[in-house]
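The next block is run.txt, given as compact mmCIF, C-alpha atoms.
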# COMPACT_ATOMS: atom_id res chain seq x y z
CA MET A 1 -7.89 -46.08 47.38
CA THR A 2 -6.11 -46.39 44.06
CA ASP A 3 -6.82 -45.08 40.56
CA SER A 4 -5.45 -46.71 37.42
CA SER A 5 -6.04 -43.81 34.98
CA PRO A 6 -2.90 -42.19 33.46
CA LYS A 7 -1.03 -39.95 35.91
CA VAL A 8 1.50 -37.15 35.52
CA LYS A 9 3.78 -35.48 38.03
CA LEU A 10 2.11 -32.36 39.41
CA PRO A 11 3.67 -28.96 38.69
CA ARG A 12 5.03 -27.66 41.98
CA ASN A 13 2.79 -24.60 42.00
CA PHE A 14 -0.28 -26.85 42.11
CA VAL A 15 0.44 -27.44 45.80
CA ARG A 16 0.32 -24.28 47.93
CA PHE A 17 0.45 -23.90 51.68
CA GLY A 18 -2.89 -22.70 53.08
CA GLN A 19 -4.78 -23.23 49.82
CA GLN A 20 -7.05 -25.89 48.35
CA VAL A 21 -5.53 -28.37 45.93
CA PRO A 22 -7.13 -28.07 42.45
CA VAL A 23 -7.07 -31.80 41.57
CA ASP A 24 -7.01 -35.16 43.34
CA ILE A 25 -3.42 -35.93 44.29
CA TYR A 26 -2.09 -39.47 44.01
CA ALA A 27 1.15 -41.20 44.75
CA LYS A 28 2.98 -42.66 41.75
CA ASN A 29 1.43 -46.07 42.43
CA GLY A 30 -2.10 -44.61 42.23
CA VAL A 31 -2.82 -44.37 45.98
CA LEU A 32 -4.96 -41.29 46.76
CA LEU A 33 -3.07 -38.83 48.97
CA LEU A 34 -5.42 -35.84 49.07
CA ARG A 35 -8.76 -35.09 47.44
CA ARG A 36 -9.39 -32.00 45.33
CA GLY A 37 -10.65 -29.09 47.45
CA HIS A 38 -8.83 -30.13 50.62
CA TYR A 39 -6.44 -27.62 52.14
CA VAL A 40 -2.67 -27.97 52.44
CA LEU A 41 -2.30 -27.35 56.16
CA THR A 42 1.47 -27.22 56.73
CA GLU A 43 4.60 -26.39 54.79
CA GLU A 44 5.84 -29.93 55.46
CA GLN A 45 2.68 -31.35 53.88
CA ARG A 46 3.15 -29.05 50.89
CA ASP A 47 6.73 -30.16 50.39
CA ARG A 48 5.81 -33.82 50.70
CA LEU A 49 2.93 -33.55 48.25
CA ALA A 50 5.05 -31.57 45.82
CA GLN A 51 7.67 -34.30 45.95
CA LEU A 52 5.35 -37.29 45.60
CA GLY A 53 2.18 -35.90 44.04
CA HIS A 54 0.71 -37.04 40.72
CA GLY A 55 -2.60 -36.16 39.13
CA ASP A 56 -4.89 -37.43 36.42
CA SER A 57 -3.23 -36.33 33.21
CA ASP A 58 -6.43 -34.99 31.60
CA GLU A 59 -7.40 -33.02 34.71
CA VAL A 60 -3.93 -31.54 35.12
CA GLU A 61 -3.73 -30.52 31.47
CA ALA A 62 -7.21 -28.97 31.58
CA ARG A 63 -6.32 -27.07 34.74
CA LEU A 64 -3.08 -25.76 33.23
CA GLU A 65 -4.89 -24.62 30.09
CA ARG A 66 -7.60 -22.88 32.12
CA GLU A 67 -5.01 -21.04 34.18
CA ARG A 68 -3.09 -20.08 31.06
CA LEU A 69 -6.22 -18.54 29.56
CA GLU A 70 -7.04 -16.76 32.82
CA ARG A 71 -3.54 -15.27 32.99
CA ALA A 72 -3.71 -14.17 29.36
CA ALA A 73 -7.07 -12.50 29.96
CA GLN A 74 -5.78 -10.77 33.09
CA ARG A 75 -2.70 -9.50 31.24
CA GLU A 76 -4.91 -8.15 28.47
CA ARG A 77 -7.13 -6.36 31.01
CA GLU A 78 -4.08 -4.83 32.65
CA ALA A 79 -2.57 -3.83 29.31
CA GLN A 80 -5.84 -2.22 28.24
CA GLN A 81 -6.04 -0.34 31.54
CA MET A 82 -2.52 1.00 30.99
CA ARG A 83 -3.25 1.92 27.35
CA ASN A 84 -6.38 3.78 28.39
CA SER A 85 -4.53 5.84 31.00
CA ALA A 86 -2.16 7.47 28.47
CA ASN A 87 -0.26 8.76 31.48
CA PRO A 88 3.12 7.29 32.47
CA LEU A 89 2.75 8.19 36.14
CA GLN A 90 -0.60 6.45 36.39
CA GLU A 91 0.86 3.44 34.62
CA MET A 92 3.77 3.35 37.04
CA ALA A 93 1.46 3.72 40.04
CA PHE A 94 -0.35 0.64 38.78
CA LEU A 95 2.93 -1.22 38.23
CA GLN A 96 4.14 -0.36 41.73
CA LYS A 97 0.95 -1.81 43.19
CA ARG A 98 1.29 -4.94 41.08
CA ALA A 99 4.94 -5.37 42.06
CA GLN A 100 4.00 -5.05 45.72
CA GLY A 101 1.69 -8.06 45.43
CA VAL A 102 4.15 -10.11 43.38
CA LEU A 103 7.30 -9.47 45.42
CA GLN A 104 5.67 -9.77 48.83
CA HIS A 105 4.21 -13.18 48.01
CA GLY A 106 7.06 -14.67 45.92
CA LEU A 107 6.52 -18.31 45.07
CA ALA A 108 2.91 -18.08 46.25
CA VAL A 109 2.28 -16.09 43.03
CA ARG A 110 1.11 -18.45 40.34
CA ASP A 111 3.56 -18.28 37.41
CA LEU A 112 5.92 -15.86 39.14
CA SER A 113 8.37 -15.83 36.22
CA ALA A 114 5.65 -14.72 33.77
CA SER A 115 4.58 -11.94 36.14
CA LEU A 116 8.14 -10.64 36.38
CA LEU A 117 8.59 -10.75 32.60
CA ASP A 118 5.27 -8.96 32.06
CA MET A 119 6.37 -6.14 34.38
CA ALA A 120 9.77 -5.96 32.67
CA ASP A 121 8.09 -5.65 29.28
CA SER A 122 5.78 -2.93 30.61
CA LEU A 123 8.77 -0.92 31.82
CA LEU A 124 10.57 -1.37 28.51
CA ALA A 125 7.47 -0.19 26.65
CA LEU A 126 7.20 2.85 28.92
CA SER A 127 10.87 3.69 28.43
CA GLN A 128 10.24 3.69 24.69
CA ARG A 129 7.06 5.80 24.79
CA HIS A 130 7.76 8.22 27.63
CA ALA A 131 11.19 8.03 29.22
CA ASP A 132 10.83 11.38 31.01
CA GLY A 133 7.55 10.38 32.60
CA LEU A 134 9.03 7.06 33.65
CA LEU A 135 11.97 8.79 35.32
CA ALA A 136 9.66 11.34 36.95
CA SER A 137 7.66 8.53 38.54
CA VAL A 138 10.78 7.29 40.34
CA PHE A 139 11.28 10.56 42.18
CA LEU A 140 7.70 11.76 42.45
CA LEU A 141 5.29 8.91 43.07
CA PRO A 142 4.36 8.08 46.67
CA TYR A 143 4.65 4.45 47.75
CA GLN A 144 3.61 2.35 50.71
CA ASP A 145 6.01 -0.55 50.35
CA ILE A 146 9.70 0.40 49.97
CA GLY A 147 10.73 -3.24 49.58
CA SER A 148 8.94 -3.53 46.23
CA ALA A 149 9.04 0.13 45.17
CA GLN A 150 12.85 0.16 45.32
CA SER A 151 13.02 -2.73 42.86
CA VAL A 152 10.56 -1.07 40.47
CA HIS A 153 12.45 2.24 40.61
CA VAL A 154 15.79 0.60 39.85
CA ALA A 155 14.25 -1.39 37.00
CA ALA A 156 12.66 1.77 35.57
CA ILE A 157 15.93 3.70 35.48
CA LEU A 158 17.76 0.71 33.98
CA ALA A 159 15.11 0.47 31.25
CA VAL A 160 15.86 4.08 30.27
CA LEU A 161 19.64 3.57 30.44
CA GLY A 162 19.35 0.37 28.41
CA ARG A 163 17.52 2.21 25.67
CA ARG A 164 20.26 4.85 25.61
CA ILE A 165 23.03 2.31 25.06
CA GLY A 166 21.02 0.62 22.31
CA GLY A 167 20.17 -2.65 24.00
CA SER A 168 17.49 -4.76 22.38
CA GLU A 169 14.50 -5.90 24.40
CA THR A 170 15.89 -9.45 24.38
CA GLU A 171 19.18 -8.17 25.84
CA LEU A 172 17.49 -5.89 28.37
CA ARG A 173 14.89 -8.29 29.79
CA PRO A 174 17.37 -10.19 32.03
CA LEU A 175 18.70 -6.88 33.41
CA ILE A 176 15.23 -5.48 34.11
CA GLY A 177 14.09 -8.83 35.47
CA ALA A 178 17.09 -8.97 37.80
CA ALA A 179 16.30 -5.49 39.11
CA LEU A 180 12.69 -6.44 39.79
CA SER A 181 13.60 -9.69 41.54
CA MET A 182 16.92 -8.86 43.24
CA ASN A 183 15.21 -8.39 46.63
CA LEU A 184 12.72 -11.22 46.23
CA ALA A 185 13.98 -12.91 49.40
CA ILE A 186 14.03 -9.76 51.58
CA THR A 187 11.13 -7.56 50.48
CA GLY A 188 9.58 -7.82 53.93
CA LEU A 189 12.91 -7.27 55.66
CA LEU A 190 13.51 -4.03 53.73
CA ASN A 191 10.15 -2.73 54.93
CA GLN A 192 11.06 -3.71 58.47
CA LEU A 193 14.45 -1.97 58.28
CA ALA A 194 12.85 1.20 56.93
CA ALA A 195 10.65 1.36 60.03
CA GLN A 196 13.31 0.61 62.66
CA SER A 197 15.82 3.08 64.06
CA GLU A 198 18.34 0.61 65.47
CA ALA A 199 21.03 -1.19 63.48
CA MET A 200 20.42 -4.62 61.96
CA ASP A 201 20.55 -7.49 64.42
CA GLN A 202 22.45 -10.71 63.74
CA ALA A 203 19.53 -12.49 62.10
CA GLN A 204 18.84 -9.53 59.83
CA GLN A 205 22.49 -9.32 58.82
CA GLU A 206 22.54 -13.01 57.97
CA ALA A 207 19.37 -12.68 55.89
CA MET A 208 20.84 -9.71 54.05
CA PHE A 209 24.07 -11.57 53.31
CA ALA A 210 22.23 -14.63 51.98
CA HIS A 211 19.51 -12.89 49.98
CA PRO A 212 21.23 -12.88 46.53
CA VAL A 213 21.68 -16.66 46.66
CA LEU A 214 18.21 -17.25 48.03
CA ALA A 215 16.64 -14.93 45.43
CA SER A 216 18.35 -16.90 42.66
CA ALA A 217 17.10 -20.16 44.17
CA LEU A 218 13.55 -18.82 44.36
CA LEU A 219 13.74 -17.74 40.74
CA ARG A 220 14.89 -21.20 39.64
CA GLU A 221 12.02 -22.70 41.59
CA ALA A 222 9.69 -20.34 39.72
CA GLY A 223 11.05 -21.49 36.36
CA VAL A 224 13.45 -18.67 35.49
CA ASP A 225 16.29 -20.35 33.58
CA ASP A 226 18.07 -17.32 32.07
CA GLU A 227 21.62 -17.64 33.39
CA ARG A 228 22.43 -13.95 32.87
CA TRP A 229 19.42 -13.03 34.97
CA HIS A 230 20.68 -15.32 37.76
CA ARG A 231 24.23 -13.99 37.44
CA LEU A 232 23.08 -10.39 37.90
CA VAL A 233 20.97 -11.28 40.93
CA LEU A 234 23.85 -13.19 42.49
CA GLN A 235 26.42 -10.44 41.83
CA GLN A 236 24.34 -7.39 42.74
CA HIS A 237 26.40 -6.77 45.91
CA GLU A 238 29.85 -7.76 44.69
CA ARG A 239 32.48 -5.00 44.64
CA GLN A 240 35.39 -4.39 42.34
CA ASP A 241 37.84 -4.48 45.27
CA GLY A 242 36.59 -7.92 46.37
CA ALA A 243 34.92 -6.65 49.55
CA GLY A 244 31.39 -7.45 48.40
CA TYR A 245 29.17 -10.47 49.03
CA PRO A 246 28.16 -13.27 48.89
CA LEU A 247 31.01 -14.64 46.71
CA GLY A 248 33.75 -12.04 47.25
CA LEU A 249 34.30 -11.57 43.51
CA ALA A 250 36.60 -8.82 42.25
CA GLY A 251 37.49 -6.94 39.06
CA ASP A 252 36.64 -8.73 35.83
CA GLU A 253 34.99 -11.59 37.73
CA ILE A 254 31.95 -9.34 38.11
CA ASP A 255 29.49 -8.81 35.27
CA PRO A 256 29.63 -5.08 34.36
CA ASP A 257 25.83 -4.93 34.33
CA ALA A 258 25.80 -6.18 37.93
CA LEU A 259 27.84 -3.09 38.88
CA LEU A 260 25.41 -0.90 36.91
CA LEU A 261 22.51 -2.51 38.79
CA GLN A 262 24.29 -1.97 42.10
CA MET A 263 25.00 1.70 41.31
CA VAL A 264 21.41 2.51 40.37
CA ASP A 265 20.18 0.63 43.45
CA LEU A 266 22.48 2.74 45.63
CA VAL A 267 21.25 6.00 44.09
CA CYS A 268 17.60 5.02 44.56
CA GLY A 269 18.33 3.97 48.13
CA CYS A 270 19.82 7.39 48.93
CA VAL A 271 16.82 9.17 47.43
CA HIS A 272 14.25 7.01 49.23
CA GLN A 273 15.89 6.39 52.60
CA PRO A 274 14.05 7.49 55.80
CA GLN A 275 15.97 10.77 55.62
CA PRO A 276 15.97 11.22 51.83
CA GLN A 277 18.60 13.16 49.92
CA LEU A 278 17.80 15.37 46.97
CA PRO A 279 18.35 13.58 43.63
CA ALA A 280 20.67 16.30 42.34
CA LEU A 281 22.86 16.04 45.44
CA VAL A 282 22.98 12.24 45.24
CA LEU A 283 24.06 12.38 41.59
CA GLY A 284 26.71 14.96 42.47
CA SER A 285 28.06 12.71 45.22
CA LEU A 286 28.12 9.78 42.83
CA PHE A 287 30.01 11.81 40.22
CA ARG A 288 32.62 12.85 42.82
CA GLY A 289 33.15 9.24 43.90
CA GLU A 290 31.70 9.79 47.37
CA LEU A 291 29.26 6.87 47.09
CA GLY A 292 31.92 4.32 46.17
CA GLN A 293 33.90 3.34 43.13
CA PHE A 294 31.99 2.37 40.00
CA PRO A 295 33.10 2.08 36.36
CA PRO A 296 33.41 5.66 35.02
CA GLN A 297 31.31 4.80 31.99
CA HIS A 298 28.45 3.74 34.26
CA VAL A 299 28.62 6.96 36.27
CA SER A 300 28.79 9.08 33.12
CA LEU A 301 25.86 7.23 31.57
CA LEU A 302 23.62 7.73 34.60
CA VAL A 303 24.46 11.40 35.17
CA LYS A 304 24.14 12.30 31.50
CA GLU A 305 20.88 10.43 31.07
CA LEU A 306 19.17 11.76 34.19
CA GLY A 307 20.66 15.24 33.97
CA ILE A 308 21.72 17.30 36.95
CA TYR A 309 18.06 17.78 37.83
CA PRO A 310 16.11 14.61 36.95
CA PRO A 311 12.45 14.68 35.91
CA GLY A 312 10.24 14.52 38.97
CA SER A 313 12.62 16.52 41.17
CA PHE A 314 12.08 20.09 42.37
CA VAL A 315 14.17 23.21 41.87
CA ARG A 316 14.27 26.92 42.72
CA LEU A 317 14.40 29.29 39.77
CA ALA A 318 15.98 32.73 39.45
CA SER A 319 12.40 34.06 39.45
CA ASN A 320 12.16 32.87 43.08
CA GLU A 321 9.67 30.21 42.03
CA VAL A 322 9.56 26.55 43.00
CA ALA A 323 9.25 24.35 39.92
CA VAL A 324 9.05 20.65 39.13
CA VAL A 325 11.32 19.26 36.45
CA THR A 326 9.14 17.67 33.77
CA HIS A 327 11.60 16.68 31.04
CA ARG A 328 15.32 16.58 30.44
CA GLY A 329 16.69 19.51 28.44
CA ASP A 330 19.25 19.95 25.69
CA LYS A 331 21.84 20.50 28.41
CA ALA A 332 22.12 18.88 31.81
CA ASN A 333 21.55 22.18 33.63
CA THR A 334 18.62 23.42 31.50
CA PRO A 335 15.75 21.00 32.09
CA ARG A 336 12.17 21.70 31.13
CA VAL A 337 10.21 22.78 34.19
CA ALA A 338 6.78 23.87 35.35
CA ALA A 339 6.62 26.59 38.02
CA LEU A 340 4.26 25.77 40.87
CA ARG A 341 4.43 28.74 43.23
CA LYS A 342 6.47 31.66 44.45
CA LEU A 343 8.52 30.70 47.48
CA ASP A 344 6.50 33.15 49.58
CA GLY A 345 3.15 32.61 47.87
CA PRO A 346 0.34 30.07 47.42
CA PRO A 347 0.39 27.42 44.66
CA TYR A 348 -0.63 28.58 41.21
CA VAL A 349 -4.00 27.48 39.88
CA ASP A 350 -2.15 25.83 36.97
CA PRO A 351 1.56 25.02 36.60
CA LEU A 352 3.39 27.55 34.42
CA LEU A 353 5.96 26.32 31.90
CA ARG A 354 9.32 28.12 32.19
CA ASP A 355 12.30 28.20 29.84
CA THR A 356 15.35 27.58 32.02
CA ARG A 357 17.64 28.67 29.18
CA GLN A 358 16.55 32.25 29.91
CA PRO A 359 18.45 34.02 32.72
CA ALA A 360 15.19 35.05 34.40
CA TYR A 361 14.23 31.40 34.88
CA GLN A 362 17.54 29.61 35.19
CA VAL A 363 17.78 26.87 37.81
CA LEU A 364 19.55 28.05 40.96
CA GLU A 365 19.40 24.99 43.20
CA PRO A 366 17.49 21.79 43.97
CA VAL A 367 14.84 21.90 46.70
CA ALA A 368 12.84 19.32 48.60
CA ALA A 369 9.40 18.24 47.40
CA ALA A 370 7.88 19.86 50.50
CA ALA A 371 8.78 23.28 49.07
CA ALA A 372 6.16 22.78 46.36
CA ALA A 373 3.40 22.51 48.98
CA ILE A 374 1.15 20.44 46.67
CA LYS A 375 0.19 16.79 46.32
CA PRO A 376 2.06 14.79 43.66
CA THR A 377 -1.21 13.71 42.00
CA TYR A 378 -1.78 17.37 41.09
CA LEU A 379 1.22 17.06 38.77
CA TYR A 380 0.31 13.89 36.87
CA ARG A 381 -1.18 15.81 33.96
CA LEU A 382 2.20 17.39 33.20
CA TRP A 383 3.21 14.07 31.66
CA TYR A 384 -0.08 13.27 29.94
CA LYS A 385 0.64 11.90 26.48
CA PRO A 386 -2.37 11.16 24.22

If you convert what's in this file into structure tokens, what do you get?
Amino acid sequence: MTDSSPKVKLPRNFVRFGQQVPVDIYAKNGVLLLRRGHYVLTEEQRDRLAQLGHGDSDEVEARLERERLERAAQREREAQQMRNSANPLQEMAFLQKRAQGVLQHGLAVRDLSASLLDMADSLLALSQRHADGLLASVFLLPYQDIGSAQSVHVAAILAVLGRRIGGSETELRPLIGAALSMNLAITGLLNQLAAQSEAMDQAQQEAMFAHPVLASALLREAGVDDERWHRLVLQQHERQDGAGYPLGLAGDEIDPDALLLQMVDLVCGCVHQPQPQLPALVLGSLFRGELGQFPPQHVSLLVKELGIYPPGSFVRLASNEVAVVTHRGDKANTPRVAALRKLDGPPYVDPLLRDTRQPAYQVLEPVAAAAAAIKPTYLYRLWYKP
């Protein structure tokens, strides 16, 4: 059967494996290939239809407009939900859940590039309104999917650092987008590695080595054409001494922001690994050069911006109380904190604000979250901002 009405090449995301096609699909000569509502049964069929498929121009345009309006309405609902929460930790919990769906499904997400940009803009807005709450979410919020949570955490910290160095939103979007999408090709693998005790096998090593290139290819397929974004994704594992991958770049061949991305990724990985390290100890190791060599200005920026005791981490005070750090202080060693309990006592009914500039409440050492003996959700209100 043929159809002589005007045809246009179908956008690739019209044809999805395991889903119904939204319009009749024709070959260029008008021969009907697949009727609307029929399922794409194999990946080979999807690829073939994506290569050859055309659709009625009016139907395709109407479908694209309908989807555009649906996405705009969904973004507005999500934005309103975040505005109504007035709490950065709740907003980040929502973003983590959204990122999990986006990064696990990759190209199956309709308009993947727009979803990534929306999340980047949300993080930039949060970094402007409540940087301390955003940082606290990185170290405090529970997560179910490390593959996506790691990307969100890195992007969140980079949003705060970018604000500190005066980057505009236009300049920062590719950096935040690269952080969100750097593991696009291995989100599932990262979850698998977190659950296994043995070393990576050969197939896993090969996937890890190839993932920067594959992530960049997936992003191009999704319509991301920002070359700086691609460069950062491709160079996220390059090292200044040339021992990185996948291109073996060295020195000035590497974009400085790719090294910043790599450094923040490493810090987050240490904090969230199966046997997590305390944030303060990780930052100390980074400062002493024990986690590898990074540009001194990057190390200084991160340590100064997060402080010795970052928001969302836990400390022991001179009063023998366990406290959570809520905000950065005037000095790196005098953060704002809320005491939660005596070390040998039950949790307080309400957190008690303490001034760590006073000798009686000075910070003595970092402690693990378990020392607080309370659920993280109990602490959300400490960052409530009407």

Hey, which of A:Gly101, A:Leu184, A:Ser285, A:Phe17 ends up closest to Glu44 of chain A? Count only C-alpha atoms.
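Counting only C-alpha atoms, the residue closest to Glu44 of chain A is A:Phe17.
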
Using all atoms listed in the file, pick whichever of A:Glu67, A:Asp255, A:Asp132, A:Asp145 has the shortest atom-to-atom distance to Ala194 of chain A.
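Checking each of A:Glu67, A:Asp255, A:Asp132, A:Asp145 against Ala194 of chain A, counting all atoms listed in the file, the winner is A:Asp145.
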
Skipping near chain neighbours, those fewer than 3 positions away, what residues fall within 6 Å of segment 350-363 of chain A using all atoms listed in the file, listed as a list of chain:residue names?
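Residues near the query, excluding close chain neighbours: A:Leu317, A:Ala318, A:Ser319, A:Thr334, A:Val337, A:Ala338, A:Ala339, A:Leu340.
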
So that I can check the surroundings of Leu134 of chain A, please list as a list in words every protein, DNA and RNA residue that reaches within 8 Å of it, counting only C-alpha atoms and ignoring chain neighbours fewer than 2 positions away.
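Contacts, with the query itself left out: Pro88, Leu89, Met92, Leu126, Ser127, His130, Ala131, Asp132, Ala136, Ser137, Val138, Ala156 and Ile157 of chain A.
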
Two-atom distance - atom CA of Pro346 of chain A, atom CA of Arg381 of chain A (Å):
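These two atoms are separated by 19.7 Å.
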
Using only C-alpha atoms, determine which residues lie at most 10 Å from Ala27 of chain A, disregarding the query and same-chain residues fewer than 2 positions distant; provide the list as a PyMOL selection string.
chain A and resi 2-3+7+9+25+29-34+49+51-55

Go ahead and dump the residues you just picked, C-alpha atoms, as a PDB file, keeping the file's coordinate frame.
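File produced: selection-v1.pdb:
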ATOM      1  CA  THR A   2      -6.110 -46.390  44.060  1.00  0.00           C
ATOM      2  CA  ASP A   3      -6.820 -45.080  40.560  1.00  0.00           C
ATOM      3  CA  LYS A   7      -1.030 -39.950  35.910  1.00  0.00           C
ATOM      4  CA  LYS A   9       3.780 -35.480  38.030  1.00  0.00           C
ATOM      5  CA  ILE A  25      -3.420 -35.930  44.290  1.00  0.00           C
ATOM      6  CA  ASN A  29       1.430 -46.070  42.430  1.00  0.00           C
ATOM      7  CA  GLY A  30      -2.100 -44.610  42.230  1.00  0.00           C
ATOM      8  CA  VAL A  31      -2.820 -44.370  45.980  1.00  0.00           C
ATOM      9  CA  LEU A  32      -4.960 -41.290  46.760  1.00  0.00           C
ATOM     10  CA  LEU A  33      -3.070 -38.830  48.970  1.00  0.00           C
ATOM     11  CA  LEU A  34      -5.420 -35.840  49.070  1.00  0.00           C
ATOM     12  CA  LEU A  49       2.930 -33.550  48.250  1.00  0.00           C
ATOM     13  CA  GLN A  51       7.670 -34.300  45.950  1.00  0.00           C
ATOM     14  CA  LEU A  52       5.350 -37.290  45.600  1.00  0.00           C
ATOM     15  CA  GLY A  53       2.180 -35.900  44.040  1.00  0.00           C
ATOM     16  CA  HIS A  54       0.710 -37.040  40.720  1.00  0.00           C
ATOM     17  CA  GLY A  55      -2.600 -36.160  39.130  1.00  0.00           C
TER      18      GLY A  55
END

Per-axis box centre and lengths in Å around segment 130-137 of chain A, 8 Å margin per side, axis-aligned, as JSON:
{"center_x": 9.8, "center_y": 9.2, "center_z": 33.1, "size_x": 20.4, "size_y": 20.3, "size_z": 26.9}

State, in Å with one decimal place, the distance from atom CA of Arg173 of chain A to atom CA of Trp229 of chain A.
8.4 Å

Write out as a VMD selection string which residues come within 12 Å of Ser168 of chain A when counting only C-alpha atoms, dropping same-chain ones fewer than 6 positions away.
chain A and resid 121 124 to 125 128 159 to 162 174 to 176

Save out the residues we just selected, C-alpha atoms, as a compact mmCIF listing (two decimals), keeping the file's coordinate frame.
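The resulting file, again.txt, is shown below:
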# COMPACT_ATOMS: atom_id res chain seq x y z
CA ASP A 121 8.09 -5.65 29.28
CA LEU A 124 10.57 -1.37 28.51
CA ALA A 125 7.47 -0.19 26.65
CA GLN A 128 10.24 3.69 24.69
CA ALA A 159 15.11 0.47 31.25
CA VAL A 160 15.86 4.08 30.27
CA LEU A 161 19.64 3.57 30.44
CA GLY A 162 19.35 0.37 28.41
CA PRO A 174 17.37 -10.19 32.03
CA LEU A 175 18.70 -6.88 33.41
CA ILE A 176 15.23 -5.48 34.11

Min atom-atom distance to Gly345 of chain A from the set A:Leu259, A:Ile146, A:Ala372, A:Leu247, counting only C-alpha atoms, belongs to A:Ala372

Would you work out the distance separating atom CA of Gly223 of chain A from atom CA of Phe14 of chain A, expressed in Å to one decimal?
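Here the two named atoms are 13.8 Å from each other.
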
In the coordinate frame of the file, compute which residues have an atom within 12 Å of (6.5, 25.0, 48.2) when using all atoms listed in the file, and state them as a PyMOL selection string.
chain A and resi 314-316+320-324+339-348+367-375

Given the selection you just returned, output its residues as a file containing C-alpha atoms, formatted as a short mmCIF file (atom, residue, chain, number, x, y, z; two decimals), in the coordinates of the input.
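part.cif was written with the following content:
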data_model
loop_
_atom_site.label_atom_id
_atom_site.label_comp_id
_atom_site.auth_asym_id
_atom_site.auth_seq_id
_atom_site.Cartn_x
_atom_site.Cartn_y
_atom_site.Cartn_z
CA PHE A 314 12.08 20.09 42.37
CA VAL A 315 14.17 23.21 41.87
CA ARG A 316 14.27 26.92 42.72
CA ASN A 320 12.16 32.87 43.08
CA GLU A 321 9.67 30.21 42.03
CA VAL A 322 9.56 26.55 43.00
CA ALA A 323 9.25 24.35 39.92
CA VAL A 324 9.05 20.65 39.13
CA ALA A 339 6.62 26.59 38.02
CA LEU A 340 4.26 25.77 40.87
CA ARG A 341 4.43 28.74 43.23
CA LYS A 342 6.47 31.66 44.45
CA LEU A 343 8.52 30.70 47.48
CA ASP A 344 6.50 33.15 49.58
CA GLY A 345 3.15 32.61 47.87
CA PRO A 346 0.34 30.07 47.42
CA PRO A 347 0.39 27.42 44.66
CA TYR A 348 -0.63 28.58 41.21
CA VAL A 367 14.84 21.90 46.70
CA ALA A 368 12.84 19.32 48.60
CA ALA A 369 9.40 18.24 47.40
CA ALA A 370 7.88 19.86 50.50
CA ALA A 371 8.78 23.28 49.07
CA ALA A 372 6.16 22.78 46.36
CA ALA A 373 3.40 22.51 48.98
CA ILE A 374 1.15 20.44 46.67
CA LYS A 375 0.19 16.79 46.32
#

Counting all atoms listed in the file, find residues at most 7 Å from (-8.3, -30.1, 47.7) (file frame) and give them as a list in words.
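Returned residue set, sorted by chain then number, is Gln20, Val21, Pro22, Val23, Asp24, Leu34, Arg35, Arg36, Gly37, His38 and Tyr39 of chain A.
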
Non-local contacts of Ile308 of chain A (8 Å; all atoms listed in the file; under 2 positions in same chain excluded) as a PDB file with C-alpha atoms, in the frame of the given file:
ATOM      1  CA  ALA A 280      20.670  16.300  42.340  1.00  0.00           C
ATOM      2  CA  LEU A 283      24.060  12.380  41.590  1.00  0.00           C
ATOM      3  CA  GLY A 284      26.710  14.960  42.470  1.00  0.00           C
ATOM      4  CA  VAL A 303      24.460  11.400  35.170  1.00  0.00           C
ATOM      5  CA  LYS A 304      24.140  12.300  31.500  1.00  0.00           C
ATOM      6  CA  LEU A 306      19.170  11.760  34.190  1.00  0.00           C
ATOM      7  CA  PRO A 310      16.110  14.610  36.950  1.00  0.00           C
ATOM      8  CA  ALA A 332      22.120  18.880  31.810  1.00  0.00           C
ATOM      9  CA  ASN A 333      21.550  22.180  33.630  1.00  0.00           C
TER      10      ASN A 333
END
